[in-house]
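See below for coords.cif, which holds mmCIF, C-alpha atoms.
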```cif
data_coords
loop_
_atom_site.group_PDB
_atom_site.id
_atom_site.type_symbol
_atom_site.label_atom_id
_atom_site.label_comp_id
_atom_site.auth_asym_id
_atom_site.auth_seq_id
_atom_site.Cartn_x
_atom_site.Cartn_y
_atom_site.Cartn_z
ATOM 1 C CA MET U 213 2.735 8.577 44.728
ATOM 2 C CA ASP U 214 6.030 7.005 45.699
ATOM 3 C CA ARG U 215 8.752 6.007 43.323
ATOM 4 C CA ARG U 216 7.969 2.297 43.331
ATOM 5 C CA ARG U 217 4.294 2.725 42.497
ATOM 6 C CA PHE U 218 5.117 5.207 39.772
ATOM 7 C CA PHE U 219 7.349 2.707 37.989
ATOM 8 C CA ALA U 220 4.841 -0.085 38.313
ATOM 9 C CA LEU U 221 2.098 2.100 36.854
ATOM 10 C CA SER U 222 4.163 3.383 33.970
ATOM 11 C CA ALA U 223 5.200 -0.164 33.055
ATOM 12 C CA PHE U 224 1.532 -1.096 33.015
ATOM 13 C CA ALA U 225 0.695 1.852 30.760
ATOM 14 C CA VAL U 226 3.412 0.963 28.272
ATOM 15 C CA VAL U 227 2.207 -2.631 28.007
ATOM 16 C CA GLY U 228 -1.355 -1.404 27.533
ATOM 17 C CA LEU U 229 -0.425 1.003 24.752
ATOM 18 C CA THR U 230 1.532 -1.613 22.848
ATOM 19 C CA LEU U 231 -1.245 -4.154 23.014
ATOM 20 C CA ALA U 232 -4.122 -1.840 22.086
ATOM 21 C CA PRO U 233 -3.459 -1.566 18.307
ATOM 22 C CA ALA U 234 -2.874 -5.300 18.034
ATOM 23 C CA LEU U 235 -6.276 -6.008 19.545
ATOM 24 C CA GLN U 236 -8.241 -3.734 17.263
ATOM 25 C CA PRO U 237 -8.851 -5.961 14.185
ATOM 26 C CA ALA U 238 -10.861 -8.317 16.374
ATOM 27 C CA PHE U 239 -13.828 -5.905 16.359
ATOM 28 C CA GLY U 240 -16.239 -6.302 13.441
ATOM 29 C CA ALA U 241 -15.491 -6.937 9.790
ATOM 30 C CA THR U 242 -12.672 -5.229 7.923
ATOM 31 C CA LYS U 243 -13.343 -2.651 5.237
ATOM 32 C CA LEU U 244 -12.595 -5.179 2.483
ATOM 33 C CA GLU U 245 -15.031 -7.737 3.878
ATOM 34 C CA GLU U 246 -17.758 -5.102 4.152
ATOM 35 C CA GLU U 247 -17.167 -3.940 0.594
ATOM 36 C CA VAL U 248 -17.267 -7.496 -0.797
ATOM 37 C CA GLN U 249 -20.461 -8.190 1.141
ATOM 38 C CA LYS U 250 -22.027 -4.983 -0.201
ATOM 39 C CA ARG U 251 -21.093 -5.422 -3.855
ATOM 40 C CA LEU U 252 -21.283 -9.191 -4.287
ATOM 41 C CA GLY U 253 -23.748 -10.192 -1.583
ATOM 42 C CA VAL U 254 -21.544 -13.030 -0.306
ATOM 43 C CA GLN U 255 -18.967 -13.377 2.452
ATOM 44 C CA LEU U 256 -15.341 -13.132 1.398
ATOM 45 C CA SER U 257 -14.545 -16.293 3.374
ATOM 46 C CA GLN U 258 -16.959 -18.290 1.203
ATOM 47 C CA ILE U 259 -15.079 -17.528 -2.034
ATOM 48 C CA LYS U 260 -12.493 -20.152 -2.871
ATOM 49 C CA GLU U 261 -9.205 -19.548 -4.648
ATOM 50 C CA VAL U 262 -8.654 -21.431 -7.895
ATOM 51 C CA GLU U 263 -5.691 -22.037 -10.158
ATOM 52 C CA ASP U 264 -7.335 -21.262 -13.496
ATOM 53 C CA ILE U 265 -7.500 -17.502 -13.026
ATOM 54 C CA LYS U 266 -4.232 -15.817 -13.900
ATOM 55 C CA LEU U 267 -3.719 -12.475 -12.194
ATOM 56 C CA THR U 268 -0.602 -10.756 -13.476
ATOM 57 C CA ALA U 269 0.814 -7.918 -11.394
ATOM 58 C CA PRO U 270 4.329 -6.749 -10.512
ATOM 59 C CA THR U 271 5.819 -8.183 -7.286
ATOM 60 C CA ILE U 272 7.192 -4.762 -6.437
ATOM 61 C CA ALA U 273 5.478 -1.693 -7.850
ATOM 62 C CA GLU U 274 7.656 1.257 -8.795
ATOM 63 C CA SER U 275 4.858 3.662 -7.959
ATOM 64 C CA GLY U 276 1.577 3.000 -6.206
ATOM 65 C CA ALA U 277 -0.123 5.484 -8.519
ATOM 66 C CA ASN U 278 0.193 3.246 -11.540
ATOM 67 C CA VAL U 279 0.202 -0.512 -11.014
ATOM 68 C CA PRO U 280 -0.495 -2.524 -14.183
ATOM 69 C CA ILE U 281 -2.649 -5.589 -13.636
ATOM 70 C CA THR U 282 -4.013 -8.180 -16.053
ATOM 71 C CA VAL U 283 -6.670 -10.805 -15.386
ATOM 72 C CA GLU U 284 -6.879 -13.816 -17.682
ATOM 73 C CA SER U 285 -8.699 -17.080 -17.278
ATOM 74 C CA THR U 286 -8.986 -20.411 -19.004
ATOM 75 C CA ILE U 287 -12.601 -20.681 -17.852
ATOM 76 C CA PRO U 288 -14.748 -20.355 -21.043
ATOM 77 C CA VAL U 289 -16.184 -16.859 -21.359
ATOM 78 C CA ASP U 290 -19.776 -18.080 -21.781
ATOM 79 C CA ARG U 291 -19.625 -19.488 -18.249
ATOM 80 C CA VAL U 292 -18.454 -16.194 -16.751
ATOM 81 C CA GLU U 293 -20.712 -13.329 -15.875
ATOM 82 C CA ARG U 294 -18.666 -10.671 -14.127
ATOM 83 C CA LEU U 295 -15.263 -9.757 -12.760
ATOM 84 C CA TRP U 296 -14.460 -7.618 -9.730
ATOM 85 C CA ILE U 297 -11.098 -6.178 -8.757
ATOM 86 C CA PHE U 298 -10.312 -5.315 -5.143
ATOM 87 C CA VAL U 299 -7.244 -4.009 -3.318
ATOM 88 C CA ASP U 300 -7.288 -5.031 0.346
ATOM 89 C CA LYS U 301 -5.833 -1.965 2.064
ATOM 90 C CA ASN U 302 -6.986 0.908 -0.143
ATOM 91 C CA PRO U 303 -9.294 3.518 1.456
ATOM 92 C CA VAL U 304 -11.896 2.276 -1.044
ATOM 93 C CA PRO U 305 -11.058 -1.409 -1.689
ATOM 94 C CA TRP U 306 -13.300 -1.656 -4.784
ATOM 95 C CA ILE U 307 -11.483 -0.724 -7.986
ATOM 96 C CA ALA U 308 -13.660 -1.798 -10.886
ATOM 97 C CA ASP U 309 -16.018 -4.439 -12.158
ATOM 98 C CA VAL U 310 -16.357 -5.768 -15.687
ATOM 99 C CA SER U 311 -19.147 -7.726 -17.334
ATOM 100 C CA PHE U 312 -18.398 -10.310 -20.006
ATOM 101 C CA THR U 313 -20.423 -11.698 -22.917
ATOM 102 C CA PRO U 314 -19.582 -14.569 -25.318
ATOM 103 C CA MET U 315 -18.544 -11.913 -27.857
ATOM 104 C CA ASN U 316 -15.417 -11.276 -25.779
ATOM 105 C CA GLY U 317 -14.023 -14.617 -26.912
ATOM 106 C CA GLN U 318 -12.053 -15.146 -23.715
ATOM 107 C CA VAL U 319 -11.827 -13.816 -20.190
ATOM 108 C CA PHE U 320 -9.299 -11.015 -20.395
ATOM 109 C CA PHE U 321 -9.091 -7.590 -18.817
ATOM 110 C CA SER U 322 -6.139 -5.319 -18.256
ATOM 111 C CA THR U 323 -5.877 -1.924 -16.596
ATOM 112 C CA ARG U 324 -3.757 0.196 -14.258
ATOM 113 C CA ILE U 325 -4.738 0.812 -10.663
ATOM 114 C CA LYS U 326 -3.796 2.922 -7.634
ATOM 115 C CA MET U 327 -2.465 1.322 -4.456
ATOM 116 C CA GLY U 328 -1.991 3.144 -1.154
ATOM 117 C CA GLU U 329 0.339 0.604 0.438
ATOM 118 C CA THR U 330 1.629 -2.959 0.149
ATOM 119 C CA SER U 331 -1.342 -5.313 0.076
ATOM 120 C CA ASN U 332 -3.170 -8.065 -1.760
ATOM 121 C CA VAL U 333 -4.886 -7.543 -5.096
ATOM 122 C CA ARG U 334 -7.912 -9.767 -5.676
ATOM 123 C CA ALA U 335 -9.764 -10.716 -8.845
ATOM 124 C CA ILE U 336 -13.136 -12.313 -8.155
ATOM 125 C CA LEU U 337 -15.130 -13.952 -10.960
ATOM 126 C CA LYS U 338 -18.832 -14.683 -10.793
ATOM 127 C CA LEU U 339 -19.766 -17.725 -12.862
ATOM 128 C CA LYS U 340 -23.130 -18.258 -14.559
ATOM 129 C CA ASP U 341 -24.040 -20.986 -12.072
ATOM 130 C CA GLY U 342 -23.897 -18.416 -9.270
ATOM 131 C CA SER U 343 -20.598 -19.471 -7.710
ATOM 132 C CA TYR U 344 -17.626 -17.208 -7.078
ATOM 133 C CA VAL U 345 -13.937 -17.910 -7.604
ATOM 134 C CA MET U 346 -10.934 -15.775 -6.793
ATOM 135 C CA ALA U 347 -7.243 -15.166 -7.462
ATOM 136 C CA THR U 348 -4.990 -13.225 -5.093
ATOM 137 C CA ARG U 349 -1.547 -11.677 -5.487
ATOM 138 C CA GLU U 350 0.531 -9.553 -3.194
ATOM 139 C CA VAL U 351 2.061 -6.361 -4.565
ATOM 140 C CA LYS U 352 4.726 -4.504 -2.604
ATOM 141 C CA VAL U 353 4.445 -0.741 -2.853
ATOM 142 C CA THR U 354 7.294 1.524 -1.840
ATOM 143 C CA ALA U 355 5.681 4.880 -2.702
ATOM 144 C CA GLY U 356 1.933 5.167 -2.120
ATOM 145 C CA GLY U 357 -0.400 6.436 -4.797
ATOM 146 C CA CYS U 358 -3.530 7.592 -3.031
ATOM 147 C CA GLY U 359 -2.630 11.137 -2.173
ATOM 148 C CA MET W 114 -4.836 17.397 -23.492
ATOM 149 C CA ALA W 115 -8.419 18.059 -22.761
ATOM 150 C CA VAL W 116 -10.155 15.823 -20.278
ATOM 151 C CA GLY W 117 -11.968 12.983 -22.008
ATOM 152 C CA THR W 118 -9.662 12.688 -24.993
ATOM 153 C CA GLY W 119 -9.308 9.029 -25.792
ATOM 154 C CA ILE W 120 -7.242 6.857 -28.038
ATOM 155 C CA LEU W 121 -8.764 3.569 -29.160
ATOM 156 C CA ARG W 122 -6.602 0.986 -30.824
ATOM 157 C CA VAL W 123 -7.710 -2.205 -32.594
ATOM 158 C CA PRO W 124 -6.030 -4.288 -35.294
ATOM 159 C CA ARG W 125 -7.051 -3.079 -38.757
ATOM 160 C CA GLU W 126 -7.527 -6.585 -40.129
ATOM 161 C CA ALA W 127 -8.402 -9.901 -38.558
ATOM 162 C CA LYS W 128 -9.225 -13.430 -39.562
ATOM 163 C CA LYS W 129 -12.764 -14.639 -39.027
ATOM 164 C CA GLY W 130 -13.211 -15.942 -35.501
ATOM 165 C CA GLU W 131 -9.928 -14.500 -34.301
ATOM 166 C CA VAL W 132 -9.799 -13.074 -30.798
ATOM 167 C CA VAL W 133 -8.402 -9.550 -31.096
ATOM 168 C CA ARG W 134 -7.347 -7.103 -28.445
ATOM 169 C CA VAL W 135 -9.065 -3.746 -27.996
ATOM 170 C CA GLN W 136 -6.993 -1.167 -26.131
ATOM 171 C CA MET W 137 -7.931 2.257 -24.918
ATOM 172 C CA VAL W 138 -6.298 5.176 -23.097
ATOM 173 C CA ILE W 139 -8.355 8.108 -21.821
ATOM 174 C CA THR W 140 -7.098 11.457 -20.537
ATOM 175 C CA HIS W 141 -8.748 11.951 -17.160
ATOM 176 C CA PRO W 142 -7.465 13.054 -13.712
ATOM 177 C CA MET W 143 -9.432 10.386 -11.736
ATOM 178 C CA THR W 144 -9.177 12.204 -8.389
ATOM 179 C CA PRO W 145 -10.845 10.690 -5.302
ATOM 180 C CA PRO W 146 -12.917 12.842 -2.885
ATOM 181 C CA ARG W 147 -10.556 14.527 -0.435
ATOM 182 C CA LYS W 148 -10.032 17.396 1.968
ATOM 183 C CA ASP W 149 -7.923 20.265 0.726
ATOM 184 C CA PRO W 150 -4.908 20.436 3.084
ATOM 185 C CA GLN W 151 -4.752 24.255 2.923
ATOM 186 C CA THR W 152 -8.389 25.312 3.234
ATOM 187 C CA GLY W 153 -9.889 22.205 4.856
ATOM 188 C CA GLN W 154 -12.711 22.200 2.320
ATOM 189 C CA GLU W 155 -14.106 19.020 0.830
ATOM 190 C CA VAL W 156 -13.128 18.578 -2.802
ATOM 191 C CA PRO W 157 -15.540 16.246 -4.600
ATOM 192 C CA ALA W 158 -14.320 13.301 -6.642
ATOM 193 C CA TYR W 159 -13.743 13.678 -10.357
ATOM 194 C CA SER W 160 -13.457 10.344 -12.092
ATOM 195 C CA LEU W 161 -14.817 8.159 -14.825
ATOM 196 C CA THR W 162 -17.672 5.944 -13.689
ATOM 197 C CA LYS W 163 -18.651 3.829 -16.640
ATOM 198 C CA LEU W 164 -17.220 2.563 -19.908
ATOM 199 C CA GLU W 165 -19.041 0.424 -22.448
ATOM 200 C CA LEU W 166 -17.693 -1.552 -25.373
ATOM 201 C CA PHE W 167 -19.921 -2.146 -28.406
ATOM 202 C CA PHE W 168 -19.323 -4.105 -31.583
ATOM 203 C CA ASN W 169 -21.715 -3.228 -34.423
ATOM 204 C CA ASP W 170 -23.934 -1.594 -31.766
ATOM 205 C CA LYS W 171 -24.244 -4.849 -29.823
ATOM 206 C CA PRO W 172 -23.099 -4.521 -26.188
ATOM 207 C CA VAL W 173 -19.994 -6.581 -25.419
ATOM 208 C CA SER W 174 -18.565 -5.437 -22.083
ATOM 209 C CA THR W 175 -19.380 -2.884 -19.424
ATOM 210 C CA VAL W 176 -16.871 -1.562 -16.897
ATOM 211 C CA SER W 177 -17.913 0.267 -13.741
ATOM 212 C CA MET W 178 -15.039 1.961 -11.991
ATOM 213 C CA GLY W 179 -14.180 4.283 -9.166
ATOM 214 C CA ALA W 180 -11.253 6.513 -8.364
ATOM 215 C CA GLY W 181 -9.156 3.420 -7.644
ATOM 216 C CA VAL W 182 -8.238 3.296 -11.323
ATOM 217 C CA SER W 183 -5.078 5.245 -12.152
ATOM 218 C CA ALA W 184 -5.116 8.700 -13.669
ATOM 219 C CA ASN W 185 -5.386 8.569 -17.466
ATOM 220 C CA PRO W 186 -6.922 5.094 -17.388
ATOM 221 C CA PHE W 187 -5.740 2.316 -19.647
ATOM 222 C CA MET W 188 -8.135 -0.530 -20.419
ATOM 223 C CA ALA W 189 -7.722 -3.593 -22.585
ATOM 224 C CA PHE W 190 -10.317 -6.176 -23.621
ATOM 225 C CA THR W 191 -10.600 -9.031 -26.044
ATOM 226 C CA LEU W 192 -13.174 -9.294 -28.794
ATOM 227 C CA ARG W 193 -14.034 -12.195 -31.074
ATOM 228 C CA ALA W 194 -14.169 -10.860 -34.639
ATOM 229 C CA GLU W 195 -16.826 -12.817 -36.549
ATOM 230 C CA GLU W 196 -17.628 -10.109 -39.105
ATOM 231 C CA SER W 197 -16.331 -6.753 -40.283
ATOM 232 C CA GLY W 198 -17.619 -3.921 -38.198
ATOM 233 C CA VAL W 199 -17.213 -0.940 -35.968
ATOM 234 C CA VAL W 200 -15.855 -1.086 -32.426
ATOM 235 C CA LYS W 201 -17.367 1.660 -30.332
ATOM 236 C CA ILE W 202 -16.435 2.692 -26.811
ATOM 237 C CA VAL W 203 -18.700 5.013 -24.840
ATOM 238 C CA TYR W 204 -17.480 6.417 -21.522
ATOM 239 C CA GLU W 205 -18.787 8.898 -18.989
ATOM 240 C CA ASP W 206 -17.672 10.610 -15.773
ATOM 241 C CA ASN W 207 -19.418 11.765 -12.607
ATOM 242 C CA LYS W 208 -19.648 15.390 -13.757
ATOM 243 C CA GLY W 209 -21.816 14.632 -16.767
ATOM 244 C CA GLY W 210 -19.096 14.313 -19.380
ATOM 245 C CA LYS W 211 -19.831 11.727 -22.054
ATOM 246 C CA TRP W 212 -17.638 10.766 -24.972
ATOM 247 C CA GLU W 213 -17.309 8.058 -27.555
ATOM 248 C CA ARG W 214 -14.630 6.681 -29.861
ATOM 249 C CA THR W 215 -14.936 4.313 -32.779
ATOM 250 C CA ALA W 216 -12.572 2.184 -34.808
ATOM 251 C CA GLU W 217 -13.086 -0.251 -37.672
ATOM 252 C CA ILE W 218 -12.042 -3.864 -38.068
ATOM 253 C CA ARG W 219 -12.024 -5.585 -41.437
ATOM 254 C CA VAL W 220 -12.533 -9.323 -41.150
ATOM 255 C CA SER W 221 -11.506 -11.651 -43.935
#
```
As structure tokens - that is how I would like this structure written.
Amino acid sequence: MDRRRFFALSAFAVVGLTLAPALQPAFGATKLEEEVQKRLGVQLSQIKEVEDIKLTAPTIAESGANVPITVESTIPVDRVERLWIFVDKNPVPWIADVSFTPMNGQVFFSTRIKMGETSNVRAILKLKDGSYVMATREVKVTAGGCG
Amino acid sequence: MAVGTGILRVPREAKKGEVVRVQMVITHPMTPPRKDPQTGQEVPAYSLTKLELFFNDKPVSTVSMGAGVSANPFMAFTLRAEESGVVKIVYEDNKGGKWERTAEIRVS
């Protein structure tokens, strides 16, 4: 191999290596989409975001091991059946799900979760009429909490 | 503290129809399944799986959870107090542990 061909080839290899990771997400569904499909039975893209769910979470988490989140909604509790909480980039995106009854008085749930890296937190509500609504918030994590 | 110890907190008194907050903290490691870095052996998960909230033995809320919930989980709910009664929380983990805590609310 002469000098000229060697340079041409190595340039080609470098371009290839840089592009490869960027291309990857195009294959199949992401882990989050699979998990939502499995647990809820609907596509994530079909769930619309609404204003009347309030998802409270810190903008920047001090530690990914302990991120406080609160879900509140002005939707009357007798119209709500269930709540799911997901974190997009966790190894297991599903965190918890909560069922509600009219005895709760209002839609409210608060807990602390683990986050591996900076990503979106989602709260998805299933209403009694079978529709799904969602609220999303991004939380920045500087120190991961999943190991 | 021993695994499974829980503290349940509710207001002692409430007005009829008031929406009160029920808060709970449980001592539990909540570890996900993982490979031990030294030995390479699989370590199974150890976490709470289910938590149920009852008021006067009527089911109110059920939480299913995985290891994505922080160690020593904190949970808060709301409850509409229509009558005096006992708030009971029953929780279990994936290794067969099962515990319960109760607290009383007096409604005037």
Chain U contacts to chain W at 7 Å (only C-alpha atoms) as a list in words: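 Here is what falls inside 7 Å: Ala277, Asn278, Ile307, Ala308, Asp309, Val310, Ser311, Phe312, Thr313, Met315, Asn316, Gly317, Gln318, Phe320, Phe321, Ser322, Thr323, Arg324, Ile325 and Lys326 of chain U.
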Please tell me which residues are no farther than 7 Å from (-13.4, -3.7, -34.1) in the file, counting all atoms listed in the file, and write them as an mmCIF file with C-alpha atoms, in the frame of the given file.
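Result file follows (selection.cif):
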```cif
data_model
loop_
_atom_site.group_PDB
_atom_site.id
_atom_site.type_symbol
_atom_site.label_atom_id
_atom_site.label_comp_id
_atom_site.auth_asym_id
_atom_site.auth_seq_id
_atom_site.Cartn_x
_atom_site.Cartn_y
_atom_site.Cartn_z
ATOM 1 C CA VAL W 123 -7.710 -2.205 -32.594
ATOM 2 C CA PHE W 168 -19.323 -4.105 -31.583
ATOM 3 C CA GLY W 198 -17.619 -3.921 -38.198
ATOM 4 C CA VAL W 199 -17.213 -0.940 -35.968
ATOM 5 C CA VAL W 200 -15.855 -1.086 -32.426
ATOM 6 C CA ALA W 216 -12.572 2.184 -34.808
ATOM 7 C CA GLU W 217 -13.086 -0.251 -37.672
ATOM 8 C CA ILE W 218 -12.042 -3.864 -38.068
#
```
Residues within 7 Å of (-7.8, 4.3, -3.4), counting only C-alpha atoms, listed as an MDAnalysis selection string: (chainID U and resid 302:305 326:328 358) or (chainID W and resid 180:181)
Which residue of U:Arg294, U:Pro314, U:Ala355, U:Ser285 approaches U:Val262 most closely, using only C-alpha atoms: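 Using only C-alpha atoms, U:Val262 sits closest to U:Ser285.
Shortest atom-to-atom contact with U:Leu244 among U:Leu267, U:Ile297, U:Arg216, U:Ala273: U:Ile297, counting all atoms listed in the file.
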Computed interatomic separation between atom CA of U:Lys266 and atom CA of U:Thr282 (Å): 7.9 Å
Test item: residues at most 9 Å from U:Gly342, all atoms listed in the file, excluding those fewer than 3 positions along its chain, as a ChimeraX atom specification: /U:293,338-339
